[in-house]
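> Got work15.cif for you, mmCIF, C-alpha atoms and all ligand atoms; chains and numbers go by the auth columns:
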data_structure
loop_
_atom_site.group_PDB
_atom_site.id
_atom_site.type_symbol
_atom_site.label_atom_id
_atom_site.label_comp_id
_atom_site.label_asym_id
_atom_site.label_seq_id
_atom_site.Cartn_x
_atom_site.Cartn_y
_atom_site.Cartn_z
_atom_site.B_iso_or_equiv
_atom_site.auth_seq_id
_atom_site.auth_asym_id
ATOM 1 C CA MET A 1 -14.713 15.334 19.577 0.00 275 J
ATOM 2 C CA MET A 2 -13.651 15.526 23.226 0.00 276 J
ATOM 3 C CA GLU A 3 -10.071 15.644 24.434 0.00 277 J
ATOM 4 C CA SER A 4 -10.553 12.412 26.411 0.00 278 J
ATOM 5 C CA THR A 5 -11.488 10.678 23.154 0.00 279 J
ATOM 6 C CA VAL A 6 -8.170 11.772 21.673 0.00 280 J
ATOM 7 C CA ARG A 7 -6.339 9.982 24.490 0.00 281 J
ATOM 8 C CA THR A 8 -8.419 6.804 24.080 0.00 282 J
ATOM 9 C CA ASN A 9 -7.869 6.808 20.312 0.00 283 J
ATOM 10 C CA ILE A 10 -4.117 7.163 20.774 0.00 284 J
ATOM 11 C CA GLU A 11 -4.042 4.253 23.218 0.00 285 J
ATOM 12 C CA ARG A 12 -5.942 2.082 20.728 0.00 286 J
ATOM 13 C CA ILE A 13 -3.600 3.039 17.894 0.00 287 J
ATOM 14 C CA ARG A 14 -0.557 2.301 20.049 0.00 288 J
ATOM 15 C CA ASN A 15 -1.957 -1.182 20.701 0.00 289 J
ATOM 16 C CA ARG A 16 -2.527 -1.735 17.009 0.00 290 J
ATOM 17 C CA ILE A 17 1.019 -0.524 16.262 0.00 291 J
ATOM 18 C CA ALA A 18 2.383 -2.974 18.859 0.00 292 J
ATOM 19 C CA GLU A 19 0.380 -5.847 17.368 0.00 293 J
ATOM 20 C CA ALA A 20 1.510 -5.055 13.830 0.00 294 J
ATOM 21 C CA ALA A 21 5.122 -4.904 15.059 0.00 295 J
ATOM 22 C CA LEU A 22 4.755 -8.269 16.790 0.00 296 J
ATOM 23 C CA ARG A 23 3.189 -9.878 13.711 0.00 297 J
ATOM 24 C CA SER A 24 6.081 -8.755 11.548 0.00 298 J
ATOM 25 C CA GLY A 25 8.844 -9.496 14.058 0.00 299 J
ATOM 26 C CA ARG A 26 9.776 -5.862 14.494 0.00 300 J
ATOM 27 C CA ASN A 27 10.794 -3.952 17.599 0.00 301 J
ATOM 28 C CA VAL A 28 7.994 -1.540 18.465 0.00 302 J
ATOM 29 C CA SER A 29 10.521 1.056 19.636 0.00 303 J
ATOM 30 C CA ASN A 30 11.556 1.490 15.975 0.00 304 J
ATOM 31 C CA ILE A 31 8.083 2.745 15.045 0.00 305 J
ATOM 32 C CA ARG A 32 7.007 6.274 15.928 0.00 306 J
ATOM 33 C CA LEU A 33 3.481 7.622 15.832 0.00 307 J
ATOM 34 C CA MET A 34 3.033 11.055 14.268 0.00 308 J
ATOM 35 C CA ALA A 35 -0.229 12.863 15.030 0.00 309 J
ATOM 36 C CA VAL A 36 -1.321 14.686 11.862 0.00 310 J
ATOM 37 C CA THR A 37 -2.971 17.909 12.963 0.00 311 J
ATOM 38 C CA LYS A 38 -3.945 19.890 9.859 0.00 312 J
ATOM 39 C CA THR A 39 -7.224 21.718 10.676 0.00 313 J
ATOM 40 C CA VAL A 40 -7.186 20.281 14.230 0.00 314 J
ATOM 41 C CA ASP A 41 -7.793 22.805 17.002 0.00 315 J
ATOM 42 C CA ASP A 42 -5.216 23.541 19.688 0.00 316 J
ATOM 43 C CA ASP A 43 -6.975 21.840 22.605 0.00 317 J
ATOM 44 C CA ARG A 44 -6.970 18.483 20.886 0.00 318 J
ATOM 45 C CA ILE A 45 -3.332 18.874 19.838 0.00 319 J
ATOM 46 C CA VAL A 46 -2.430 19.542 23.475 0.00 320 J
ATOM 47 C CA ALA A 47 -4.452 16.447 24.435 0.00 321 J
ATOM 48 C CA ALA A 48 -2.423 14.366 21.969 0.00 322 J
ATOM 49 C CA ILE A 49 0.859 15.718 23.358 0.00 323 J
ATOM 50 C CA ASP A 50 -0.355 14.999 26.906 0.00 324 J
ATOM 51 C CA ALA A 51 -1.119 11.442 25.797 0.00 325 J
ATOM 52 C CA GLY A 52 2.543 11.052 24.860 0.00 326 J
ATOM 53 C CA VAL A 53 2.638 11.833 21.148 0.00 327 J
ATOM 54 C CA ASP A 54 6.051 13.330 20.383 0.00 328 J
ATOM 55 C CA ILE A 55 5.795 14.116 16.668 0.00 329 J
ATOM 56 C CA ILE A 56 3.210 16.492 15.244 0.00 330 J
ATOM 57 C CA GLY A 57 2.773 16.594 11.468 0.00 331 J
ATOM 58 C CA GLU A 58 1.491 19.707 9.729 0.00 332 J
ATOM 59 C CA SER A 59 0.700 20.329 6.055 0.00 333 J
ATOM 60 C CA TYR A 60 0.618 24.118 5.796 0.00 334 J
ATOM 61 C CA VAL A 61 3.421 26.464 6.849 0.00 335 J
ATOM 62 C CA GLN A 62 1.164 29.297 8.040 0.00 336 J
ATOM 63 C CA GLU A 63 -1.013 27.057 10.168 0.00 337 J
ATOM 64 C CA ALA A 64 2.025 25.308 11.630 0.00 338 J
ATOM 65 C CA LYS A 65 3.755 28.604 12.419 0.00 339 J
ATOM 66 C CA ARG A 66 0.892 29.790 14.583 0.00 340 J
ATOM 67 C CA LYS A 67 0.646 26.474 16.421 0.00 341 J
ATOM 68 C CA ILE A 68 4.397 26.129 16.980 0.00 342 J
ATOM 69 C CA GLU A 69 4.664 29.668 18.327 0.00 343 J
ATOM 70 C CA LYS A 70 1.841 28.905 20.744 0.00 344 J
ATOM 71 C CA MET A 71 2.754 25.371 21.811 0.00 345 J
ATOM 72 C CA GLY A 72 6.522 25.462 21.569 0.00 346 J
ATOM 73 C CA ARG A 73 8.855 22.568 21.127 0.00 347 J
ATOM 74 C CA PRO A 74 8.473 19.992 23.850 0.00 348 J
ATOM 75 C CA ILE A 75 7.814 17.759 20.844 0.00 349 J
ATOM 76 C CA GLU A 76 9.000 17.571 17.222 0.00 350 J
ATOM 77 C CA TRP A 77 7.147 19.362 14.421 0.00 351 J
ATOM 78 C CA HIS A 78 7.361 17.771 10.978 0.00 352 J
ATOM 79 C CA MET A 79 6.265 19.229 7.656 0.00 353 J
ATOM 80 C CA ILE A 80 4.361 16.672 5.556 0.00 354 J
ATOM 81 C CA GLY A 81 2.552 18.838 3.001 0.00 355 J
ATOM 82 C CA TYR A 82 3.547 20.263 -0.363 0.00 356 J
ATOM 83 C CA LEU A 83 6.198 22.923 0.223 0.00 357 J
ATOM 84 C CA GLN A 84 6.549 25.931 -2.049 0.00 358 J
ATOM 85 C CA GLY A 85 10.066 27.256 -2.565 0.00 359 J
ATOM 86 C CA ASN A 86 9.122 30.676 -1.225 0.00 360 J
ATOM 87 C CA LYS A 87 8.165 29.090 2.131 0.00 361 J
ATOM 88 C CA ALA A 88 11.544 27.394 2.547 0.00 362 J
ATOM 89 C CA LYS A 89 12.928 30.110 4.787 0.00 363 J
ATOM 90 C CA TYR A 90 10.099 29.633 7.284 0.00 364 J
ATOM 91 C CA ALA A 91 10.193 25.862 6.991 0.00 365 J
ATOM 92 C CA VAL A 92 13.843 25.551 8.038 0.00 366 J
ATOM 93 C CA ARG A 93 13.199 27.646 11.129 0.00 367 J
ATOM 94 C CA LEU A 94 9.968 25.940 12.131 0.00 368 J
ATOM 95 C CA PHE A 95 10.372 22.238 11.486 0.00 369 J
ATOM 96 C CA ASP A 96 12.526 19.452 12.864 0.00 370 J
ATOM 97 C CA MET A 97 12.056 17.454 9.671 0.00 371 J
ATOM 98 C CA ILE A 98 10.570 17.995 6.223 0.00 372 J
ATOM 99 C CA HIS A 99 9.004 14.857 4.695 0.00 373 J
ATOM 100 C CA SER A 100 8.019 16.388 1.371 0.00 374 J
ATOM 101 C CA VAL A 101 11.218 17.164 -0.535 0.00 375 J
ATOM 102 C CA ASP A 102 10.554 15.974 -4.075 0.00 376 J
ATOM 103 C CA ARG A 103 12.565 18.228 -6.393 0.00 377 J
ATOM 104 C CA MET A 104 15.998 19.732 -6.753 0.00 378 J
ATOM 105 C CA ASP A 105 15.028 23.412 -6.789 0.00 379 J
ATOM 106 C CA LEU A 106 13.271 22.999 -3.425 0.00 380 J
ATOM 107 C CA ALA A 107 16.287 21.163 -1.982 0.00 381 J
ATOM 108 C CA VAL A 108 18.638 23.911 -3.182 0.00 382 J
ATOM 109 C CA GLU A 109 16.478 26.587 -1.575 0.00 383 J
ATOM 110 C CA LEU A 110 16.176 24.657 1.708 0.00 384 J
ATOM 111 C CA ASP A 111 19.942 24.155 1.736 0.00 385 J
ATOM 112 C CA ARG A 112 20.558 27.851 1.165 0.00 386 J
ATOM 113 C CA ARG A 113 18.119 28.879 3.892 0.00 387 J
ATOM 114 C CA ALA A 114 19.418 26.293 6.345 0.00 388 J
ATOM 115 C CA GLY A 115 22.923 27.599 5.693 0.00 389 J
ATOM 116 C CA MET A 116 21.819 31.148 6.484 0.00 390 J
ATOM 117 C CA THR A 117 20.398 30.080 9.833 0.00 391 J
ATOM 118 C CA GLY A 118 23.474 27.968 10.546 0.00 392 J
ATOM 119 C CA CYS A 119 21.615 24.703 10.922 0.00 393 J
ATOM 120 C CA ARG A 120 21.470 21.360 9.190 0.00 394 J
ATOM 121 C CA MET A 121 17.991 20.353 8.116 0.00 395 J
ATOM 122 C CA ASN A 122 16.711 16.786 8.272 0.00 396 J
ATOM 123 C CA ILE A 123 14.704 15.882 5.201 0.00 397 J
ATOM 124 C CA LEU A 124 12.942 12.897 3.688 0.00 398 J
ATOM 125 C CA ILE A 125 12.551 12.404 -0.039 0.00 399 J
ATOM 126 C CA GLU A 126 8.876 12.121 -0.977 0.00 400 J
ATOM 127 C CA VAL A 127 8.472 9.379 -3.556 0.00 401 J
ATOM 128 C CA ASN A 128 5.543 8.845 -5.881 0.00 402 J
ATOM 129 C CA THR A 129 5.389 5.058 -5.737 0.00 403 J
ATOM 130 C CA SER A 130 2.221 4.735 -7.832 0.00 404 J
ATOM 131 C CA GLY A 131 3.149 6.918 -10.792 0.00 405 J
ATOM 132 C CA GLU A 132 -0.215 8.706 -10.598 0.00 406 J
ATOM 133 C CA LYS A 133 0.151 12.037 -12.394 0.00 407 J
ATOM 134 C CA THR A 134 -1.761 13.998 -9.738 0.00 408 J
ATOM 135 C CA LYS A 135 0.455 12.890 -6.847 0.00 409 J
ATOM 136 C CA SER A 136 3.339 14.907 -5.479 0.00 410 J
ATOM 137 C CA GLY A 137 6.637 13.155 -4.940 0.00 411 J
ATOM 138 C CA VAL A 138 9.476 12.267 -7.270 0.00 412 J
ATOM 139 C CA HIS A 139 8.678 9.303 -9.516 0.00 413 J
ATOM 140 C CA HIS A 140 10.196 6.178 -7.963 0.00 414 J
ATOM 141 C CA GLN A 141 12.343 5.554 -11.017 0.00 415 J
ATOM 142 C CA GLU A 142 13.873 9.033 -10.713 0.00 416 J
ATOM 143 C CA ALA A 143 14.313 9.004 -6.953 0.00 417 J
ATOM 144 C CA MET A 144 17.842 7.549 -6.873 0.00 418 J
ATOM 145 C CA GLN A 145 19.060 10.269 -9.225 0.00 419 J
ATOM 146 C CA LEU A 146 17.457 13.013 -7.120 0.00 420 J
ATOM 147 C CA ILE A 147 18.939 11.591 -3.916 0.00 421 J
ATOM 148 C CA LYS A 148 22.412 11.608 -5.467 0.00 422 J
ATOM 149 C CA GLU A 149 21.975 15.221 -6.537 0.00 423 J
ATOM 150 C CA ILE A 150 20.723 16.374 -3.137 0.00 424 J
ATOM 151 C CA ALA A 151 23.244 14.375 -1.074 0.00 425 J
ATOM 152 C CA PRO A 152 26.181 16.814 -1.545 0.00 426 J
ATOM 153 C CA LEU A 153 24.173 19.793 -0.254 0.00 427 J
ATOM 154 C CA GLU A 154 25.944 20.652 2.984 0.00 428 J
ATOM 155 C CA HIS A 155 23.058 21.875 5.075 0.00 429 J
ATOM 156 C CA LEU A 156 20.670 19.003 4.376 0.00 430 J
ATOM 157 C CA THR A 157 20.713 15.459 5.719 0.00 431 J
ATOM 158 C CA ILE A 158 18.594 12.919 3.897 0.00 432 J
ATOM 159 C CA ARG A 159 17.164 10.752 6.676 0.00 433 J
ATOM 160 C CA GLY A 160 14.962 8.503 4.555 0.00 434 J
ATOM 161 C CA LEU A 161 11.914 8.297 2.326 0.00 435 J
ATOM 162 C CA MET A 162 8.227 9.152 2.483 0.00 436 J
ATOM 163 C CA THR A 163 5.304 7.997 0.351 0.00 437 J
ATOM 164 C CA MET A 164 1.553 8.304 0.110 0.00 438 J
ATOM 165 C CA PRO A 165 -0.055 5.484 -1.909 0.00 439 J
ATOM 166 C CA PRO A 166 -3.365 5.901 -3.751 0.00 440 J
ATOM 167 C CA TRP A 167 -6.461 5.635 -1.598 0.00 441 J
ATOM 168 C CA PHE A 168 -7.983 2.152 -1.357 0.00 442 J
ATOM 169 C CA ASP A 169 -10.933 0.659 0.531 0.00 443 J
ATOM 170 C CA ASP A 170 -8.812 -2.366 1.336 0.00 444 J
ATOM 171 C CA PRO A 171 -5.478 -1.454 2.989 0.00 445 J
ATOM 172 C CA GLU A 172 -3.934 -4.624 1.568 0.00 446 J
ATOM 173 C CA ASP A 173 -4.035 -2.910 -1.827 0.00 447 J
ATOM 174 C CA ALA A 174 -1.552 -0.311 -0.541 0.00 448 J
ATOM 175 C CA ARG A 175 1.036 -2.965 0.358 0.00 449 J
ATOM 176 C CA PRO A 176 2.885 -3.009 -3.003 0.00 450 J
ATOM 177 C CA TYR A 177 3.508 0.745 -2.783 0.00 451 J
ATOM 178 C CA PHE A 178 4.969 0.437 0.710 0.00 452 J
ATOM 179 C CA ALA A 179 7.096 -2.469 -0.511 0.00 453 J
ATOM 180 C CA THR A 180 8.326 -0.325 -3.407 0.00 454 J
ATOM 181 C CA LEU A 181 9.464 2.368 -0.971 0.00 455 J
ATOM 182 C CA ARG A 182 11.272 -0.164 1.209 0.00 456 J
ATOM 183 C CA ALA A 183 12.999 -1.721 -1.814 0.00 457 J
ATOM 184 C CA LEU A 184 14.139 1.727 -2.901 0.00 458 J
ATOM 185 C CA ARG A 185 15.449 2.384 0.607 0.00 459 J
ATOM 186 C CA ASP A 186 17.474 -0.840 0.434 0.00 460 J
ATOM 187 C CA ARG A 187 18.934 0.081 -2.952 0.00 461 J
ATOM 188 C CA VAL A 188 19.912 3.551 -1.743 0.00 462 J
ATOM 189 C CA MET A 189 21.587 2.030 1.328 0.00 463 J
ATOM 190 C CA GLU A 190 23.640 -0.271 -0.884 0.00 464 J
ATOM 191 C CA GLU A 191 25.034 2.781 -2.674 0.00 465 J
ATOM 192 C CA GLN A 192 26.448 4.164 0.624 0.00 466 J
ATOM 193 C CA ILE A 193 26.077 7.769 -0.479 0.00 467 J
ATOM 194 C CA PRO A 194 27.784 10.254 1.885 0.00 468 J
ATOM 195 C CA GLY A 195 25.225 12.525 3.575 0.00 469 J
ATOM 196 C CA VAL A 196 22.444 9.966 3.170 0.00 470 J
ATOM 197 C CA GLU A 197 21.305 7.998 6.222 0.00 471 J
ATOM 198 C CA MET A 198 18.146 6.141 5.141 0.00 472 J
ATOM 199 C CA VAL A 199 16.908 5.379 8.648 0.00 473 J
ATOM 200 C CA GLU A 200 13.316 6.551 8.208 0.00 474 J
ATOM 201 C CA LEU A 201 10.438 5.178 6.157 0.00 475 J
ATOM 202 C CA SER A 202 7.521 7.569 6.614 0.00 476 J
ATOM 203 C CA MET A 203 4.467 5.653 5.407 0.00 477 J
ATOM 204 C CA GLY A 204 1.029 4.580 6.572 0.00 478 J
ATOM 205 C CA MET A 205 -2.001 6.701 7.502 0.00 479 J
ATOM 206 C CA SER A 206 -5.257 6.028 9.389 0.00 480 J
ATOM 207 C CA GLY A 207 -6.503 3.490 6.867 0.00 481 J
ATOM 208 C CA ASP A 208 -3.342 1.513 6.263 0.00 482 J
ATOM 209 C CA PHE A 209 -0.708 2.065 8.966 0.00 483 J
ATOM 210 C CA GLU A 210 -0.671 -1.578 10.059 0.00 484 J
ATOM 211 C CA VAL A 211 0.205 -2.763 6.552 0.00 485 J
ATOM 212 C CA ALA A 212 2.854 -0.020 6.370 0.00 486 J
ATOM 213 C CA ILE A 213 4.410 -1.272 9.615 0.00 487 J
ATOM 214 C CA GLU A 214 4.505 -4.811 8.243 0.00 488 J
ATOM 215 C CA GLU A 215 6.414 -3.365 5.266 0.00 489 J
ATOM 216 C CA GLY A 216 8.925 -1.492 7.428 0.00 490 J
ATOM 217 C CA ALA A 217 7.473 1.926 8.338 0.00 491 J
ATOM 218 C CA THR A 218 9.410 3.792 11.045 0.00 492 J
ATOM 219 C CA ILE A 219 7.022 6.771 11.194 0.00 493 J
ATOM 220 C CA VAL A 220 3.273 6.359 10.694 0.00 494 J
ATOM 221 C CA ARG A 221 1.277 9.524 10.031 0.00 495 J
ATOM 222 C CA VAL A 222 -2.176 9.297 11.616 0.00 496 J
ATOM 223 C CA GLY A 223 -4.824 12.027 11.587 0.00 497 J
ATOM 224 C CA ARG A 224 -8.462 10.934 11.394 0.00 498 J
ATOM 225 C CA SER A 225 -8.096 7.868 13.617 0.00 499 J
ATOM 226 C CA ILE A 226 -6.898 10.160 16.398 0.00 500 J
ATOM 227 C CA PHE A 227 -8.936 13.313 15.866 0.00 501 J
ATOM 228 C CA GLY A 228 -11.961 12.192 13.841 0.00 502 J
ATOM 229 C CA GLU A 229 -12.948 13.315 10.363 0.00 503 J
ATOM 230 C CA ARG A 230 -11.621 16.690 9.219 0.00 504 J
ATOM 231 C CA GLU A 231 -14.089 19.415 8.243 0.00 505 J
HETATM 232 C C1 LIG B . -3.553 14.271 6.080 0.00 601 J
HETATM 233 C C2 LIG B . -2.340 13.451 5.906 0.00 601 J
HETATM 234 C C3 LIG B . -2.116 12.281 6.653 0.00 601 J
HETATM 235 C C4 LIG B . -3.108 11.730 7.649 0.00 601 J
HETATM 236 O O1 LIG B . -4.170 11.117 7.009 0.00 601 J
HETATM 237 P P1 LIG B . -5.361 10.438 7.850 0.00 601 J
HETATM 238 O O2 LIG B . -6.102 9.665 6.834 0.00 601 J
HETATM 239 O O3 LIG B . -6.119 11.541 8.469 0.00 601 J
HETATM 240 O O4 LIG B . -4.711 9.564 8.884 0.00 601 J
HETATM 241 C C5 LIG B . -0.914 11.602 6.458 0.00 601 J
HETATM 242 N N1 LIG B . 0.003 12.037 5.574 0.00 601 J
HETATM 243 C C6 LIG B . -0.169 13.137 4.839 0.00 601 J
HETATM 244 C C7 LIG B . 0.887 13.555 3.883 0.00 601 J
HETATM 245 C C8 LIG B . -1.347 13.877 4.975 0.00 601 J
HETATM 246 O O5 LIG B . -1.523 14.983 4.224 0.00 601 J
#
Would you kindly transcribe this structure into structure tokens?
Ligand SMILES: *Cc1c(COP(=O)(O)O)cnc(C)c1O


Amino acid sequence: MMESTVRTNIERIRNRIAEAALRSGRNVSNIRLMAVTKTVDDDRIVAAIDAGVDIIGESYVQEAKRKIEKMGRPIEWHMIGYLQGNKAKYAVRLFDMIHSVDRMDLAVELDRRAGMTGCRMNILIEVNTSGEKTKSGVHHQEAMQLIKEIAPLEHLTIRGLMTMPPWFDDPEDARPYFATLRALRDRVMEEQIPGVEMVELSMGMSGDFEVAIEEGATIVRVGRSIFGERE
């Protein structure tokens, strides 16, 4: 795929985001587009940044490290993939936000590493809203407990929640899972837990980002609709 196609795709997605915001009475400025760039080559990432994308999402620490060292930080880099504890020390240095915190031992390690580098790390709690055994994320019924355990960690700020529903042909089928995440967000906000901000709902991908926006997404994570099918 050509770099000019990347720009055109981004413009189309921005229009669709604006329409979904309008339909649901939301302010479009509260919805950010993340370009998901796992396996995407550097030229097309640069094209996306040139087209105004200001969040890049990566799934693998090694791959992200190389790209971040090359392209720098005119934009934010977010980690959206499964994170192993032994990669925490790299993750806190590389990323502006980690969307995939789903267990206490990972949070403890991120907190320790963030403390060593003297920074405070923004994280989202990844929630398994479907209960599928194969999915990462904390089960939605255990999420409140995990959030309360992580909240006191001094070098982490919980900024919100992330989910990835099962794959469906019809994006409407994903709606209940997005609604579950939003309802959880509302319940966490009611608890007013110190250290927990709950401003972000990271949900919606190429196939279902419009439904996610209707259900309150603040960050949509789009890969294939920008860059084409991955190899
Ligand atoms: C790959 C990926 C995406 C993007 O999916 P597309 O279908 O390419 O838009 C979003 N979120 C996560 C966590 C991913 O791993």

> For a test of reading the model, state the distance in Å between atom CA of Ile467 of chain J and atom CA of Met438 of chain J, rounded to one decimal.

24.5 Å

> Quick one: of J:His373, J:Lys344, J:Arg387, J:Arg461, who's nearest to Asn360 of chain J, counting only C-alpha atoms?

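Of all the options, J:Arg387 lies closest to Asn360 of chain J.
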
> Which residue is closest to Ile424 of chain J? Choose from J:Ala322, J:Leu455, J:Ala491, J:Val382 and count only C-alpha atoms.

J:Val382

> Could you tell me which of J:Gly478, J:Pro468, J:Gly434, J:Gly326 comes closest to ligand LIG 601 (chain J) if we count all atoms listed in the file?

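Residue with the minimum atom-to-atom distance to ligand LIG 601 (chain J): J:Gly478.
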
> Since I can't run it myself right now, could you work out what the PyMOL selection byres (((chain J and resi 324) around 12) and not hetatm) selects here and report it as a PDB file with C-alpha atoms, in the coordinates of the input?


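Dumped everything to out-v8.pdb:
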ATOM      1  CA  GLU J 277     -10.071  15.644  24.434  1.00  0.00           C
ATOM      2  CA  SER J 278     -10.553  12.412  26.411  1.00  0.00           C
ATOM      3  CA  VAL J 280      -8.170  11.772  21.673  1.00  0.00           C
ATOM      4  CA  ARG J 281      -6.339   9.982  24.490  1.00  0.00           C
ATOM      5  CA  THR J 282      -8.419   6.804  24.080  1.00  0.00           C
ATOM      6  CA  ILE J 284      -4.117   7.163  20.774  1.00  0.00           C
ATOM      7  CA  GLU J 285      -4.042   4.253  23.218  1.00  0.00           C
ATOM      8  CA  ASP J 317      -6.975  21.840  22.605  1.00  0.00           C
ATOM      9  CA  ARG J 318      -6.970  18.483  20.886  1.00  0.00           C
ATOM     10  CA  ILE J 319      -3.332  18.874  19.838  1.00  0.00           C
ATOM     11  CA  VAL J 320      -2.430  19.542  23.475  1.00  0.00           C
ATOM     12  CA  ALA J 321      -4.452  16.447  24.435  1.00  0.00           C
ATOM     13  CA  ALA J 322      -2.423  14.366  21.969  1.00  0.00           C
ATOM     14  CA  ILE J 323       0.859  15.718  23.358  1.00  0.00           C
ATOM     15  CA  ALA J 325      -1.119  11.442  25.797  1.00  0.00           C
ATOM     16  CA  GLY J 326       2.543  11.052  24.860  1.00  0.00           C
ATOM     17  CA  VAL J 327       2.638  11.833  21.148  1.00  0.00           C
ATOM     18  CA  ASP J 328       6.051  13.330  20.383  1.00  0.00           C
ATOM     19  CA  ILE J 329       5.795  14.116  16.668  1.00  0.00           C
ATOM     20  CA  MET J 345       2.754  25.371  21.811  1.00  0.00           C
ATOM     21  CA  PRO J 348       8.473  19.992  23.850  1.00  0.00           C
ATOM     22  CA  ILE J 349       7.814  17.759  20.844  1.00  0.00           C
TER      23      ILE J 349
END

> Interatomic distance between atom CA of Glu343 of chain J and atom O3 of ligand LIG 601 (chain J)?

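Here the two named atoms are 23.3 Å from each other.
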
> Sorted by chain and rising residue number, which residues of chain J lie within 9 Å of ligand LIG 601 (chain J), and what are their closest atom pairs and distances in Å to one decimal, counting only C-alpha atoms and all ligand atoms, as CSV?


residue,atom,partner,partner_atom,distance
J:Met308,CA,J:LIG601,C5,8.8
J:Ala309,CA,J:LIG601,C4,8.0
J:Val310,CA,J:LIG601,C4,5.4
J:Thr311,CA,J:LIG601,C1,7.8
J:Lys312,CA,J:LIG601,C1,6.8
J:Gly331,CA,J:LIG601,N1,7.9
J:Glu332,CA,J:LIG601,O5,7.9
J:Ser333,CA,J:LIG601,O5,6.1
J:Met353,CA,J:LIG601,C7,8.7
J:Ile354,CA,J:LIG601,C7,5.0
J:Gly355,CA,J:LIG601,C7,5.6
J:Tyr356,CA,J:LIG601,C7,8.4
J:His373,CA,J:LIG601,C7,8.3
J:Ser374,CA,J:LIG601,C7,8.1
J:Met436,CA,J:LIG601,C7,8.7
J:Thr437,CA,J:LIG601,C7,7.9
J:Met438,CA,J:LIG601,C7,6.5
J:Ser476,CA,J:LIG601,N1,8.8
J:Met477,CA,J:LIG601,N1,7.8
J:Gly478,CA,J:LIG601,C5,7.3
J:Met479,CA,J:LIG601,O4,4.2
J:Ser480,CA,J:LIG601,O4,3.6
J:Gly481,CA,J:LIG601,O2,6.2
J:Asp482,CA,J:LIG601,O4,8.6
J:Phe483,CA,J:LIG601,O4,8.5
J:Val494,CA,J:LIG601,C5,7.9
J:Arg495,CA,J:LIG601,C5,4.7
J:Val496,CA,J:LIG601,O4,3.7
J:Gly497,CA,J:LIG601,O3,3.4
J:Arg498,CA,J:LIG601,O3,3.8
J:Ser499,CA,J:LIG601,O4,6.1
J:Ile500,CA,J:LIG601,O4,7.8
J:Phe501,CA,J:LIG601,O3,8.1
J:Gly502,CA,J:LIG601,O3,8.0
J:Glu503,CA,J:LIG601,O3,7.3
J:Arg504,CA,J:LIG601,O3,7.6

> With all atoms listed in the file counted, which protein, DNA or RNA residues have an atom no more than 10 Å from (17.5, 34.5, 9.4) in the file frame? Please answer as a PDB file with C-alpha atoms, in the frame of the given file.


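Heads up, here's the output in point00.pdb:
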ATOM      1  CA  LYS J 363      12.928  30.110   4.787  1.00  0.00           C
ATOM      2  CA  TYR J 364      10.099  29.633   7.284  1.00  0.00           C
ATOM      3  CA  VAL J 366      13.843  25.551   8.038  1.00  0.00           C
ATOM      4  CA  ARG J 367      13.199  27.646  11.129  1.00  0.00           C
ATOM      5  CA  ARG J 387      18.119  28.879   3.892  1.00  0.00           C
ATOM      6  CA  ALA J 388      19.418  26.293   6.345  1.00  0.00           C
ATOM      7  CA  GLY J 389      22.923  27.599   5.693  1.00  0.00           C
ATOM      8  CA  MET J 390      21.819  31.148   6.484  1.00  0.00           C
ATOM      9  CA  THR J 391      20.398  30.080   9.833  1.00  0.00           C
ATOM     10  CA  GLY J 392      23.474  27.968  10.546  1.00  0.00           C
TER      11      GLY J 392
END

> Quick one: of J:Leu307, J:Ala453, J:Ala417, J:Ile397, who's nearest to Gly469 of chain J, counting all atoms listed in the file?

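Closest to Gly469 of chain J, using all atoms listed in the file: J:Ile397.
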
> Counting all atoms listed in the file, which of J:Asn402, J:Ala295, J:Met472, J:Glu446 gets nearest to Ala425 of chain J?

J:Met472

> One number please: atom CA of Gly411 of chain J to atom CA of Val375 of chain J, in Å, one decimal.

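For atom CA of Gly411 of chain J relative to atom CA of Val375 of chain J, the distance reads 7.5 Å.
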
> May I have the protein, DNA and RNA residues with an atom at most 10 Å from (10.3, 25.2, 11.9), counting only C-alpha atoms in the file's coordinates, returned as a list in words?

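Residues with an atom at most 10 Å from (10.3, 25.2, 11.9): Val335, Ala338, Lys339, Ile342, Glu343, Arg347, Glu350, Trp351, His352, Met353, Ala362, Lys363, Tyr364, Ala365, Val366, Arg367, Leu368, Phe369, Asp370, Met371, Ile372 and Met395 of chain J.
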